[in-house]
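K.L.:
My structure is in structure.pdb, and what it holds is PDB, C-alpha atoms, pLDDT in the B column:
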ATOM      1  CA  MET A   3     112.680  97.605  95.090  1.00 41.00           C
ATOM      2  CA  THR A   4     112.712 101.298  94.129  1.00 39.00           C
ATOM      3  CA  GLY A   5     115.697 102.645  92.274  1.00 38.00           C
ATOM      4  CA  GLU A   6     118.870 101.194  90.905  1.00 34.00           C
ATOM      5  CA  PRO A   7     120.970  98.961  93.160  1.00 32.00           C
ATOM      6  CA  ARG A   8     123.501 100.800  95.273  1.00 27.00           C
ATOM      7  CA  ILE A   9     125.904  97.851  94.828  1.00 27.00           C
ATOM      8  CA  PRO A  10     126.394  96.637  91.236  1.00 29.00           C
ATOM      9  CA  CYS A  11     124.674  93.375  90.360  1.00 31.00           C
ATOM     10  CA  GLY A  12     126.470  90.361  88.968  1.00 32.00           C
ATOM     11  CA  HIS A  13     128.256  87.150  89.822  1.00 33.00           C
ATOM     12  CA  ALA A  14     131.204  87.313  92.177  1.00 35.00           C
ATOM     13  CA  ALA A  15     133.541  85.724  89.628  1.00 37.00           C
ATOM     14  CA  GLN A  16     133.060  88.500  87.092  1.00 39.00           C
ATOM     15  CA  PRO A  17     135.749  91.174  86.640  1.00 39.00           C
ATOM     16  CA  ALA A  18     135.051  94.756  87.627  1.00 38.00           C
ATOM     17  CA  SER A  19     134.245  95.789  84.040  1.00 41.00           C
ATOM     18  CA  ALA A  20     131.576  93.102  83.829  1.00 40.00           C
ATOM     19  CA  HIS A  21     130.074  94.347  87.094  1.00 40.00           C
ATOM     20  CA  ALA A  22     129.883  97.850  85.615  1.00 40.00           C
ATOM     21  CA  ASN A  23     128.296  96.625  82.385  1.00 42.00           C
ATOM     22  CA  ASP A  24     125.673  94.650  84.309  1.00 43.00           C
ATOM     23  CA  ALA A  25     124.834  97.676  86.458  1.00 41.00           C
ATOM     24  CA  ILE A  26     124.498  99.930  83.390  1.00 37.00           C
ATOM     25  CA  ALA A  27     122.213  97.441  81.630  1.00 43.00           C
ATOM     26  CA  HIS A  28     120.135  97.012  84.795  1.00 49.00           C
ATOM     27  CA  SER A  29     119.753 100.772  85.121  1.00 53.00           C
ATOM     28  CA  ALA A  30     118.860 101.246  81.450  1.00 60.00           C
ATOM     29  CA  ASN A  31     116.203  98.531  81.617  1.00 85.00           C
ATOM     30  CA  LYS A  32     114.534 100.096  84.649  1.00 87.00           C
ATOM     31  CA  ALA A  33     114.702 103.575  83.117  1.00 88.00           C
ATOM     32  CA  SER A  34     112.964 102.331  79.982  1.00 90.00           C
ATOM     33  CA  LEU A  35     110.276 100.574  82.014  1.00 92.00           C
ATOM     34  CA  ARG A  36     109.669 103.694  84.090  1.00 93.00           C
ATOM     35  CA  ALA A  37     109.169 105.819  80.974  1.00 93.00           C
ATOM     36  CA  THR A  38     106.722 103.320  79.493  1.00 93.00           C
ATOM     37  CA  LEU A  39     104.707 102.942  82.687  1.00 94.00           C
ATOM     38  CA  LYS A  40     104.525 106.688  83.304  1.00 94.00           C
ATOM     39  CA  ALA A  41     103.227 107.246  79.758  1.00 94.00           C
ATOM     40  CA  ALA A  42     100.589 104.551  80.221  1.00 94.00           C
ATOM     41  CA  ARG A  43      99.366 106.166  83.429  1.00 94.00           C
ATOM     42  CA  ARG A  44      99.143 109.573  81.805  1.00 94.00           C
ATOM     43  CA  ALA A  45      96.978 108.018  79.094  1.00 95.00           C
ATOM     44  CA  LEU A  46      94.426 106.550  81.517  1.00 95.00           C
ATOM     45  CA  ASP A  47      90.918 107.919  81.110  1.00 96.00           C
ATOM     46  CA  PRO A  48      90.001 109.707  84.377  1.00 96.00           C
ATOM     47  CA  LEU A  49      86.702 107.852  84.741  1.00 97.00           C
ATOM     48  CA  ASP A  50      88.362 104.510  84.070  1.00 96.00           C
ATOM     49  CA  LYS A  51      91.107 105.373  86.553  1.00 97.00           C
ATOM     50  CA  ALA A  52      88.530 106.226  89.223  1.00 97.00           C
ATOM     51  CA  ARG A  53      86.815 102.872  88.612  1.00 96.00           C
ATOM     52  CA  ARG A  54      90.123 101.009  88.935  1.00 97.00           C
ATOM     53  CA  ASP A  55      91.021 102.939  92.078  1.00 97.00           C
ATOM     54  CA  ALA A  56      87.709 101.981  93.682  1.00 97.00           C
ATOM     55  CA  LEU A  57      88.312  98.300  92.885  1.00 97.00           C
ATOM     56  CA  ILE A  58      91.821  98.464  94.361  1.00 97.00           C
ATOM     57  CA  GLY A  59      90.468 100.209  97.453  1.00 97.00           C
ATOM     58  CA  ALA A  60      87.930  97.407  97.935  1.00 96.00           C
ATOM     59  CA  ARG A  61      90.666  94.765  97.647  1.00 95.00           C
ATOM     60  CA  VAL A  62      92.871  96.578 100.164  1.00 95.00           C
ATOM     61  CA  LEU A  63      89.939  96.916 102.559  1.00 94.00           C
ATOM     62  CA  ALA A  64      89.183  93.189 102.253  1.00 92.00           C
ATOM     63  CA  TRP A  65      92.855  92.425 102.911  1.00 90.00           C
ATOM     64  CA  TRP A  66      92.851  94.682 105.961  1.00 88.00           C
ATOM     65  CA  ARG A  67      89.710  93.112 107.374  1.00 86.00           C
ATOM     66  CA  ALA A  68      91.247  89.656 106.966  1.00 85.00           C
ATOM     67  CA  HIS A  69      94.397  90.609 108.880  1.00 78.00           C
ATOM     68  CA  SER A  70      93.550  93.454 111.258  1.00 69.00           C
ATOM     69  CA  THR A  71      92.345  91.106 114.007  1.00 57.00           C
ATOM     70  CA  ARG A  72      95.952  90.155 114.711  1.00 51.00           C
ATOM     71  CA  GLU A  73      96.720  93.616 116.081  1.00 50.00           C
ATOM     72  CA  ALA A  74      93.599  95.718 116.013  1.00 46.00           C
ATOM     73  CA  ASP A  75      95.391  98.891 117.067  1.00 57.00           C
ATOM     74  CA  GLN A  76      98.367  98.495 114.723  1.00 82.00           C
ATOM     75  CA  VAL A  77      99.260 101.579 112.665  1.00 90.00           C
ATOM     76  CA  LEU A  78      98.743 101.248 108.918  1.00 94.00           C
ATOM     77  CA  GLY A  79     101.251 103.106 106.754  1.00 96.00           C
ATOM     78  CA  VAL A  80      99.529 104.580 103.709  1.00 97.00           C
ATOM     79  CA  TYR A  81     100.670 106.925 100.925  1.00 96.00           C
ATOM     80  CA  TRP A  82      99.581 110.191  99.335  1.00 94.00           C
ATOM     81  CA  PRO A  83      98.941 109.556  95.595  1.00 93.00           C
ATOM     82  CA  LEU A  84     101.419 111.106  93.168  1.00 89.00           C
ATOM     83  CA  ARG A  85     101.969 110.938  89.408  1.00 87.00           C
ATOM     84  CA  GLY A  86      98.879 108.944  88.603  1.00 92.00           C
ATOM     85  CA  GLU A  87      99.244 106.409  91.433  1.00 95.00           C
ATOM     86  CA  PRO A  88      96.052 104.661  92.584  1.00 97.00           C
ATOM     87  CA  ASP A  89      94.128 107.153  94.710  1.00 97.00           C
ATOM     88  CA  LEU A  90      92.875 105.372  97.830  1.00 97.00           C
ATOM     89  CA  GLN A  91      91.758 108.407  99.817  1.00 96.00           C
ATOM     90  CA  PRO A  92      88.114 107.203 100.120  1.00 96.00           C
ATOM     91  CA  LEU A  93      89.494 103.994 101.652  1.00 97.00           C
ATOM     92  CA  TYR A  94      91.663 105.966 104.077  1.00 97.00           C
ATOM     93  CA  LEU A  95      88.630 107.931 105.228  1.00 96.00           C
ATOM     94  CA  GLU A  96      86.667 104.712 105.802  1.00 95.00           C
ATOM     95  CA  LEU A  97      89.528 103.171 107.773  1.00 94.00           C
ATOM     96  CA  ALA A  98      89.981 106.312 109.887  1.00 95.00           C
ATOM     97  CA  ARG A  99      86.272 106.353 110.701  1.00 93.00           C
ATOM     98  CA  ALA A 100      86.634 102.741 111.848  1.00 89.00           C
ATOM     99  CA  GLY A 101      89.385 103.812 114.241  1.00 90.00           C
ATOM    100  CA  VAL A 102      92.383 102.521 112.289  1.00 92.00           C
ATOM    101  CA  PRO A 103      95.499 104.641 113.062  1.00 94.00           C
ATOM    102  CA  LEU A 104      97.068 105.865 109.820  1.00 96.00           C
ATOM    103  CA  ALA A 105     100.550 107.207 109.057  1.00 97.00           C
ATOM    104  CA  LEU A 106     102.082 108.888 106.022  1.00 96.00           C
ATOM    105  CA  PRO A 107     105.736 108.608 104.932  1.00 94.00           C
ATOM    106  CA  LEU A 108     108.039 111.593 105.305  1.00 91.00           C
ATOM    107  CA  VAL A 109     111.331 112.198 103.512  1.00 89.00           C
ATOM    108  CA  VAL A 110     113.730 113.511 106.159  1.00 86.00           C
ATOM    109  CA  ALA A 111     116.982 113.500 104.162  1.00 84.00           C
ATOM    110  CA  PRO A 112     118.410 112.282 100.849  1.00 81.00           C
ATOM    111  CA  ASP A 113     119.600 108.664 100.772  1.00 81.00           C
ATOM    112  CA  SER A 114     117.828 107.810 104.019  1.00 87.00           C
ATOM    113  CA  ALA A 115     114.928 105.675 105.181  1.00 90.00           C
ATOM    114  CA  LEU A 116     111.466 107.194 105.342  1.00 92.00           C
ATOM    115  CA  ALA A 117     110.113 108.508 108.608  1.00 93.00           C
ATOM    116  CA  PHE A 118     106.393 108.299 109.385  1.00 96.00           C
ATOM    117  CA  VAL A 119     103.918 110.793 110.809  1.00 96.00           C
ATOM    118  CA  ALA A 120     100.446 110.166 112.220  1.00 97.00           C
ATOM    119  CA  TRP A 121      97.692 111.343 109.883  1.00 96.00           C
ATOM    120  CA  VAL A 122      93.953 111.882 110.111  1.00 96.00           C
ATOM    121  CA  PRO A 123      92.166 112.485 106.768  1.00 95.00           C
ATOM    122  CA  GLY A 124      90.975 116.067 106.514  1.00 93.00           C
ATOM    123  CA  GLU A 125      93.658 117.669 108.683  1.00 95.00           C
ATOM    124  CA  ALA A 126      95.767 120.565 107.397  1.00 94.00           C
ATOM    125  CA  MET A 127      98.541 119.546 104.989  1.00 93.00           C
ATOM    126  CA  VAL A 128     101.787 121.097 103.729  1.00 92.00           C
ATOM    127  CA  SER A 129     104.368 120.005 101.155  1.00 87.00           C
ATOM    128  CA  ASP A 130     107.560 118.276 102.295  1.00 80.00           C
ATOM    129  CA  ARG A 131     111.003 118.761 100.715  1.00 75.00           C
ATOM    130  CA  MET A 132     109.962 116.496  97.812  1.00 74.00           C
ATOM    131  CA  GLY A 133     106.685 118.293  97.178  1.00 79.00           C
ATOM    132  CA  VAL A 134     104.630 115.532  98.788  1.00 84.00           C
ATOM    133  CA  ALA A 135     101.688 116.411 101.027  1.00 88.00           C
ATOM    134  CA  VAL A 136     102.275 115.719 104.738  1.00 90.00           C
ATOM    135  CA  PRO A 137     100.373 116.832 107.855  1.00 93.00           C
ATOM    136  CA  ALA A 138     101.138 120.388 108.935  1.00 92.00           C
ATOM    137  CA  GLU A 139     101.451 119.112 112.502  1.00 92.00           C
ATOM    138  CA  GLN A 140     104.041 116.357 112.265  1.00 91.00           C
ATOM    139  CA  ARG A 141     103.412 113.788 114.990  1.00 94.00           C
ATOM    140  CA  MET A 142     106.208 111.284 114.469  1.00 95.00           C
ATOM    141  CA  VAL A 143     105.465 107.583 114.936  1.00 95.00           C
ATOM    142  CA  ASP A 144     107.504 104.401 114.695  1.00 93.00           C
ATOM    143  CA  ARG A 145     107.692 102.604 111.383  1.00 94.00           C
ATOM    144  CA  PRO A 146     104.258 100.974 110.900  1.00 93.00           C
ATOM    145  CA  GLY A 147     103.993  97.206 111.090  1.00 90.00           C
ATOM    146  CA  LEU A 148     101.718  97.198 108.024  1.00 92.00           C
ATOM    147  CA  LEU A 149     102.654  99.279 105.026  1.00 95.00           C
ATOM    148  CA  LEU A 150     100.890 100.090 101.734  1.00 97.00           C
ATOM    149  CA  VAL A 151     103.593 100.609  99.109  1.00 96.00           C
ATOM    150  CA  PRO A 152     102.716 102.297  95.785  1.00 96.00           C
ATOM    151  CA  CYS A 153     104.296 100.583  92.784  1.00 96.00           C
ATOM    152  CA  LEU A 154     105.055 102.146  89.444  1.00 95.00           C
ATOM    153  CA  GLY A 155     105.609  98.561  88.277  1.00 94.00           C
ATOM    154  CA  PHE A 156     105.975  95.100  89.776  1.00 94.00           C
ATOM    155  CA  THR A 157     107.139  91.655  88.733  1.00 93.00           C
ATOM    156  CA  ALA A 158     105.519  88.241  89.030  1.00 92.00           C
ATOM    157  CA  GLU A 159     107.893  87.647  91.963  1.00 93.00           C
ATOM    158  CA  ARG A 160     106.487  90.784  93.696  1.00 94.00           C
ATOM    159  CA  TYR A 161     109.592  92.938  93.250  1.00 93.00           C
ATOM    160  CA  ARG A 162     108.701  96.621  93.043  1.00 93.00           C
ATOM    161  CA  LEU A 163     109.725  99.223  90.500  1.00 93.00           C
ATOM    162  CA  GLY A 164     109.531 102.732  91.932  1.00 90.00           C
ATOM    163  CA  TYR A 165     110.707 106.143  90.761  1.00 87.00           C
ATOM    164  CA  GLY A 166     114.379 105.568  91.528  1.00 81.00           C
ATOM    165  CA  GLY A 167     114.831 107.388  94.836  1.00 84.00           C
ATOM    166  CA  GLY A 168     115.402 104.227  96.851  1.00 84.00           C
ATOM    167  CA  TYR A 169     113.468 105.487  99.892  1.00 89.00           C
ATOM    168  CA  TYR A 170     111.358 102.365 100.318  1.00 90.00           C
ATOM    169  CA  ASP A 171     114.455 100.196  99.772  1.00 85.00           C
ATOM    170  CA  ARG A 172     116.183 101.802 102.725  1.00 89.00           C
ATOM    171  CA  THR A 173     113.002 101.782 104.821  1.00 91.00           C
ATOM    172  CA  LEU A 174     112.731  97.996 104.474  1.00 89.00           C
ATOM    173  CA  GLU A 175     116.404  97.163 104.989  1.00 85.00           C
ATOM    174  CA  ASP A 176     116.242  96.784 108.760  1.00 83.00           C
ATOM    175  CA  ALA A 177     114.534  93.906 110.562  1.00 84.00           C
ATOM    176  CA  PRO A 178     111.874  93.350 111.624  1.00 87.00           C
ATOM    177  CA  ARG A 179     110.343  94.240 108.281  1.00 89.00           C
ATOM    178  CA  PRO A 180     106.746  95.452 108.189  1.00 91.00           C
ATOM    179  CA  VAL A 181     104.179  93.473 106.238  1.00 91.00           C
ATOM    180  CA  THR A 182     104.235  95.139 102.828  1.00 94.00           C
ATOM    181  CA  VAL A 183     101.238  95.421 100.517  1.00 95.00           C
ATOM    182  CA  GLY A 184     102.109  96.654  97.040  1.00 96.00           C
ATOM    183  CA  VAL A 185      99.439  98.754  95.311  1.00 97.00           C
ATOM    184  CA  ALA A 186      99.397  98.975  91.518  1.00 96.00           C
ATOM    185  CA  TYR A 187      97.331  98.598  88.376  1.00 96.00           C
ATOM    186  CA  GLN A 188      97.147  95.144  86.835  1.00 94.00           C
ATOM    187  CA  ALA A 189      98.737  96.448  83.624  1.00 93.00           C
ATOM    188  CA  ASP A 190     101.791  97.586  85.620  1.00 94.00           C
ATOM    189  CA  GLN A 191     103.195  94.047  85.827  1.00 93.00           C
ATOM    190  CA  VAL A 192     106.583  93.979  84.084  1.00 92.00           C
ATOM    191  CA  ALA A 193     109.762  91.913  84.090  1.00 90.00           C
ATOM    192  CA  PHE A 194     113.218  92.974  85.240  1.00 88.00           C
ATOM    193  CA  ALA A 195     116.147  91.382  87.034  1.00 84.00           C
ATOM    194  CA  GLU A 196     115.971  92.325  90.700  1.00 81.00           C
ATOM    195  CA  GLY A 197     118.982  94.016  92.265  1.00 78.00           C
ATOM    196  CA  GLN A 198     120.935  92.944  95.304  1.00 76.00           C
ATOM    197  CA  HIS A 199     118.986  95.315  97.558  1.00 76.00           C
ATOM    198  CA  ASP A 200     115.537  94.548  96.149  1.00 81.00           C
ATOM    199  CA  VAL A 201     113.147  92.868  98.597  1.00 84.00           C
ATOM    200  CA  ALA A 202     109.978  91.131  97.462  1.00 90.00           C
ATOM    201  CA  LEU A 203     106.728  92.583  98.761  1.00 94.00           C
ATOM    202  CA  ASP A 204     104.502  90.267 100.772  1.00 93.00           C
ATOM    203  CA  VAL A 205     101.551  90.759  98.433  1.00 95.00           C
ATOM    204  CA  VAL A 206     100.648  92.994  95.477  1.00 96.00           C
ATOM    205  CA  LEU A 207      97.027  94.107  95.107  1.00 97.00           C
ATOM    206  CA  THR A 208      95.609  95.440  91.842  1.00 96.00           C
ATOM    207  CA  GLU A 209      92.116  96.082  90.534  1.00 96.00           C
ATOM    208  CA  GLY A 210      91.910  92.520  89.231  1.00 88.00           C
ATOM    209  CA  SER A 211      94.270  90.195  91.073  1.00 71.00           C
ATOM    210  CA  SER A 212      96.809  89.652  93.813  1.00 67.00           C
ATOM    211  CA  LEU A 213     100.307  88.195  93.906  1.00 68.00           C
ATOM    212  CA  PRO A 214     100.933  85.566  95.117  1.00 64.00           C
ATOM    213  CA  PRO A 215      97.518  84.120  94.104  1.00 48.00           C
ATOM    214  CA  GLY A 216      95.591  82.717  97.017  1.00 42.00           C
ATOM    215  CA  THR A 217      98.364  83.274  99.571  1.00 44.00           C
ATOM    216  CA  ASP A 218      97.702  86.827 100.795  1.00 42.00           C
ATOM    217  CA  ARG A 219      99.034  86.940 104.334  1.00 38.00           C
TER     218      ARG A 219
END
Output the file's structure as structure tokens, nothing else.
P.N.:
Amino acid sequence: MTGEPRIPCGHAAQPASAHANDAIAHSANKASLRATLKAARRALDPLDKARRDALIGARVLAWWRAHSTREADQVLGVYWPLRGEPDLQPLYLELARAGVPLALPLVVAPDSALAFVAWVPGEAMVSDRMGVAVPAEQRMVDRPGLLLVPCLGFTAERYRLGYGGGYYDRTLEDAPRPVTVGVAYQADQVAFAEGQHDVALDVVLTEGSSLPPGTDR
């Protein structure tokens, strides 16, 4: 999902040099895609971005309403928007008012899985070690069973392209995996060969569509 694979990709019969070449090509392809997608986000008109964000928020809310009856008190993992990511804060406020427990991710160490802290919109915030806003009072919670995952890019097979840190990769390595809902703009759909550690998201929601079509779970 995010980042380059920590084990080189390739077929087992290939020699070590072929493994290295595959890994380099894989890395270069993702780096190029990241640069292109970041530039496209910077070019978004603010009013158009706000319109898209509202449409995405409505789709996420509809998804939540269709699935929240399974475990009404289940914590929903959300994200604080960075680098032009879809801003869903109005949605978070609506969910919190409806009594949905929310949690934000927290980077606790390099090359480790994310931790999660309980969050109520409007409470005091500070910056974590990565410069990401987190609650000033850090009330740690277990990994949420439902998780919104911001995507810099995504494929038709629902593999995620992130910023390269690998934090979501490591968060989703251990079973049981949470239900993962990718959040992205429709124009962020790209193509790349997934790595050995990439895990497909359960669904990807954009302002105009979802993947897989008609099978949101």
K.L.:
Which residues of segment 33-96 of chain A have any atom within 12 Å of an atom in segment 142-154 of chain A when counting only C-alpha atoms, and what is the closest pair of atoms for each, with the distance in Å to one decimal? Order the rows by chain and rising number and write it as JSON lines.
P.N.:
{"residue": "A:Ala33", "atom": "CA", "partner": "A:Leu154", "partner_atom": "CA", "distance": 11.6}
{"residue": "A:Leu35", "atom": "CA", "partner": "A:Leu154", "partner_atom": "CA", "distance": 9.2}
{"residue": "A:Arg36", "atom": "CA", "partner": "A:Leu154", "partner_atom": "CA", "distance": 7.2}
{"residue": "A:Ala37", "atom": "CA", "partner": "A:Leu154", "partner_atom": "CA", "distance": 10.1}
{"residue": "A:Thr38", "atom": "CA", "partner": "A:Leu154", "partner_atom": "CA", "distance": 10.2}
{"residue": "A:Leu39", "atom": "CA", "partner": "A:Leu154", "partner_atom": "CA", "distance": 6.8}
{"residue": "A:Lys40", "atom": "CA", "partner": "A:Leu154", "partner_atom": "CA", "distance": 7.7}
{"residue": "A:Ala41", "atom": "CA", "partner": "A:Leu154", "partner_atom": "CA", "distance": 11.1}
{"residue": "A:Ala42", "atom": "CA", "partner": "A:Leu154", "partner_atom": "CA", "distance": 10.5}
{"residue": "A:Arg43", "atom": "CA", "partner": "A:Leu154", "partner_atom": "CA", "distance": 9.2}
{"residue": "A:Ile58", "atom": "CA", "partner": "A:Pro152", "partner_atom": "CA", "distance": 11.6}
{"residue": "A:Gly59", "atom": "CA", "partner": "A:Leu150", "partner_atom": "CA", "distance": 11.3}
{"residue": "A:Val62", "atom": "CA", "partner": "A:Leu150", "partner_atom": "CA", "distance": 8.9}
{"residue": "A:Leu63", "atom": "CA", "partner": "A:Leu150", "partner_atom": "CA", "distance": 11.4}
{"residue": "A:Trp65", "atom": "CA", "partner": "A:Leu150", "partner_atom": "CA", "distance": 11.2}
{"residue": "A:Trp66", "atom": "CA", "partner": "A:Leu148", "partner_atom": "CA", "distance": 9.4}
{"residue": "A:His69", "atom": "CA", "partner": "A:Leu148", "partner_atom": "CA", "distance": 9.9}
{"residue": "A:Ser70", "atom": "CA", "partner": "A:Leu148", "partner_atom": "CA", "distance": 9.5}
{"residue": "A:Arg72", "atom": "CA", "partner": "A:Gly147", "partner_atom": "CA", "distance": 11.3}
{"residue": "A:Glu73", "atom": "CA", "partner": "A:Gly147", "partner_atom": "CA", "distance": 9.5}
{"residue": "A:Ala74", "atom": "CA", "partner": "A:Leu148", "partner_atom": "CA", "distance": 11.5}
{"residue": "A:Asp75", "atom": "CA", "partner": "A:Gly147", "partner_atom": "CA", "distance": 10.6}
{"residue": "A:Gln76", "atom": "CA", "partner": "A:Gly147", "partner_atom": "CA", "distance": 6.8}
{"residue": "A:Val77", "atom": "CA", "partner": "A:Pro146", "partner_atom": "CA", "distance": 5.3}
{"residue": "A:Leu78", "atom": "CA", "partner": "A:Leu148", "partner_atom": "CA", "distance": 5.1}
{"residue": "A:Gly79", "atom": "CA", "partner": "A:Leu149", "partner_atom": "CA", "distance": 4.4}
{"residue": "A:Val80", "atom": "CA", "partner": "A:Leu150", "partner_atom": "CA", "distance": 5.1}
{"residue": "A:Tyr81", "atom": "CA", "partner": "A:Leu150", "partner_atom": "CA", "distance": 6.9}
{"residue": "A:Trp82", "atom": "CA", "partner": "A:Pro152", "partner_atom": "CA", "distance": 9.2}
{"residue": "A:Pro83", "atom": "CA", "partner": "A:Pro152", "partner_atom": "CA", "distance": 8.2}
{"residue": "A:Leu84", "atom": "CA", "partner": "A:Pro152", "partner_atom": "CA", "distance": 9.3}
{"residue": "A:Arg85", "atom": "CA", "partner": "A:Leu154", "partner_atom": "CA", "distance": 9.3}
{"residue": "A:Gly86", "atom": "CA", "partner": "A:Leu154", "partner_atom": "CA", "distance": 9.2}
{"residue": "A:Glu87", "atom": "CA", "partner": "A:Pro152", "partner_atom": "CA", "distance": 6.9}
{"residue": "A:Pro88", "atom": "CA", "partner": "A:Pro152", "partner_atom": "CA", "distance": 7.8}
{"residue": "A:Asp89", "atom": "CA", "partner": "A:Pro152", "partner_atom": "CA", "distance": 9.9}
{"residue": "A:Leu90", "atom": "CA", "partner": "A:Leu150", "partner_atom": "CA", "distance": 10.4}
{"residue": "A:Tyr94", "atom": "CA", "partner": "A:Leu150", "partner_atom": "CA", "distance": 11.2}
K.L.:
Carefully work through the PyMOL selection byres ((chain A and resi 115) around 7) for this structure and note down the residues it includes, as a ChimeraX atom specification.
P.N.:
/A:114,116-117,169-170,172-173
K.L.:
May I ask for the distance between atom CA of Gly197 of chain A and atom CA of Ala158 of chain A, given in Å to one decimal place?
P.N.:
15.0 Å
K.L.:
By how many Å are atom CA of Val201 of chain A and atom CA of Arg162 of chain A apart?
P.N.:
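Answer for the atom CA of Val201 of chain A to atom CA of Arg162 of chain A separation: 8.0 Å.
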K.L.:
Counting only C-alpha atoms, note down every residue that has an atom within 7 Å of the point (106.9, 94.2, 84.2) (file coordinates), as a PyMOL selection string.
P.N.:
chain A and resi 155-157+190-194
K.L.:
Write out, as a PDB file, keeping the file's coordinate frame, the residues just selected, with C-alpha atoms.
P.N.:
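In the end it all went to part10.pdb:
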ATOM      1  CA  GLY A 155     105.609  98.561  88.277  1.00 94.00           C
ATOM      2  CA  PHE A 156     105.975  95.100  89.776  1.00 94.00           C
ATOM      3  CA  THR A 157     107.139  91.655  88.733  1.00 93.00           C
ATOM      4  CA  ASP A 190     101.791  97.586  85.620  1.00 94.00           C
ATOM      5  CA  GLN A 191     103.195  94.047  85.827  1.00 93.00           C
ATOM      6  CA  VAL A 192     106.583  93.979  84.084  1.00 92.00           C
ATOM      7  CA  ALA A 193     109.762  91.913  84.090  1.00 90.00           C
ATOM      8  CA  PHE A 194     113.218  92.974  85.240  1.00 88.00           C
TER       9      PHE A 194
END
K.L.:
Work out how far apart atom CA of Ala202 of chain A and atom CA of Pro107 of chain A are and give it in Å to one decimal.
P.N.:
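Spanning atom CA of Ala202 of chain A to atom CA of Pro107 of chain A is a straight-line distance of 19.5 Å.
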K.L.:
Kindly extract all protein, DNA and RNA residues lying within 7 Å of the coordinates (110.6, 115.3, 100.4) given in the file, considering only C-alpha atoms, and supply them as a PyMOL selection string.
P.N.:
chain A and resi 108-110+130-134
K.L.:
Store the residues picked out above in a file with C-alpha atoms, as a short mmCIF file (atom, residue, chain, number, x, y, z; two decimals), keeping the file's coordinate frame.
P.N.:
data_model
loop_
_atom_site.label_atom_id
_atom_site.label_comp_id
_atom_site.auth_asym_id
_atom_site.auth_seq_id
_atom_site.Cartn_x
_atom_site.Cartn_y
_atom_site.Cartn_z
CA LEU A 108 108.04 111.59 105.30
CA VAL A 109 111.33 112.20 103.51
CA VAL A 110 113.73 113.51 106.16
CA ASP A 130 107.56 118.28 102.30
CA ARG A 131 111.00 118.76 100.72
CA MET A 132 109.96 116.50 97.81
CA GLY A 133 106.68 118.29 97.18
CA VAL A 134 104.63 115.53 98.79
#
K.L.:
Please determine an axis-aligned box that encloses all atoms of segment 135-139 of chain A listed in the file, with 6 Å added on each side, and express its centre and edge lengths in Å to one decimal as AutoDock Vina command-line options.
P.N.:
--center_x 101.3 --center_y 118.1 --center_z 106.8 --size_x 13.9 --size_y 16.7 --size_z 23.5
K.L.:
Measuring atom to atom with only C-alpha atoms, identify which of A:Val183, A:Ala195, A:Leu46, A:Ala52 is nearest to Leu207 of chain A.
P.N.:
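For Leu207 of chain A, the nearest of the given residues is A:Val183.
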K.L.:
Report as a PyMOL selection string the full result of the PyMOL selection byres ((chain A and resi 137) around 12) when it is applied to this structure.
P.N.:
chain A and resi 82+104-108+118-130+134-136+138-142
K.L.:
Store the residues picked out above in a file with C-alpha atoms, as a PDB file, keeping the file's coordinate frame.
P.N.:
ATOM      1  CA  TRP A  82      99.581 110.191  99.335  1.00 94.00           C
ATOM      2  CA  LEU A 104      97.068 105.865 109.820  1.00 96.00           C
ATOM      3  CA  ALA A 105     100.550 107.207 109.057  1.00 97.00           C
ATOM      4  CA  LEU A 106     102.082 108.888 106.022  1.00 96.00           C
ATOM      5  CA  PRO A 107     105.736 108.608 104.932  1.00 94.00           C
ATOM      6  CA  LEU A 108     108.039 111.593 105.305  1.00 91.00           C
ATOM      7  CA  PHE A 118     106.393 108.299 109.385  1.00 96.00           C
ATOM      8  CA  VAL A 119     103.918 110.793 110.809  1.00 96.00           C
ATOM      9  CA  ALA A 120     100.446 110.166 112.220  1.00 97.00           C
ATOM     10  CA  TRP A 121      97.692 111.343 109.883  1.00 96.00           C
ATOM     11  CA  VAL A 122      93.953 111.882 110.111  1.00 96.00           C
ATOM     12  CA  PRO A 123      92.166 112.485 106.768  1.00 95.00           C
ATOM     13  CA  GLY A 124      90.975 116.067 106.514  1.00 93.00           C
ATOM     14  CA  GLU A 125      93.658 117.669 108.683  1.00 95.00           C
ATOM     15  CA  ALA A 126      95.767 120.565 107.397  1.00 94.00           C
ATOM     16  CA  MET A 127      98.541 119.546 104.989  1.00 93.00           C
ATOM     17  CA  VAL A 128     101.787 121.097 103.729  1.00 92.00           C
ATOM     18  CA  SER A 129     104.368 120.005 101.155  1.00 87.00           C
ATOM     19  CA  ASP A 130     107.560 118.276 102.295  1.00 80.00           C
ATOM     20  CA  VAL A 134     104.630 115.532  98.788  1.00 84.00           C
ATOM     21  CA  ALA A 135     101.688 116.411 101.027  1.00 88.00           C
ATOM     22  CA  VAL A 136     102.275 115.719 104.738  1.00 90.00           C
ATOM     23  CA  ALA A 138     101.138 120.388 108.935  1.00 92.00           C
ATOM     24  CA  GLU A 139     101.451 119.112 112.502  1.00 92.00           C
ATOM     25  CA  GLN A 140     104.041 116.357 112.265  1.00 91.00           C
ATOM     26  CA  ARG A 141     103.412 113.788 114.990  1.00 94.00           C
ATOM     27  CA  MET A 142     106.208 111.284 114.469  1.00 95.00           C
TER      28      MET A 142
END
K.L.:
Restricting the calculation to all atoms listed in the file, which member of A:Val206, A:Gln198, A:Ala177, A:Gln188 is positioned closest to Arg160 of chain A?
P.N.:
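Answer, going by the shortest atom-to-atom distance: A:Val206.
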K.L.:
So, with only C-alpha atoms as the atoms that count, which of A:Leu93, A:Ala45, A:Leu163, A:Ala98 lies closest to Arg61 of chain A?
P.N.:
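Looking at the shortest contact to Arg61 of chain A, the residue is A:Leu93.
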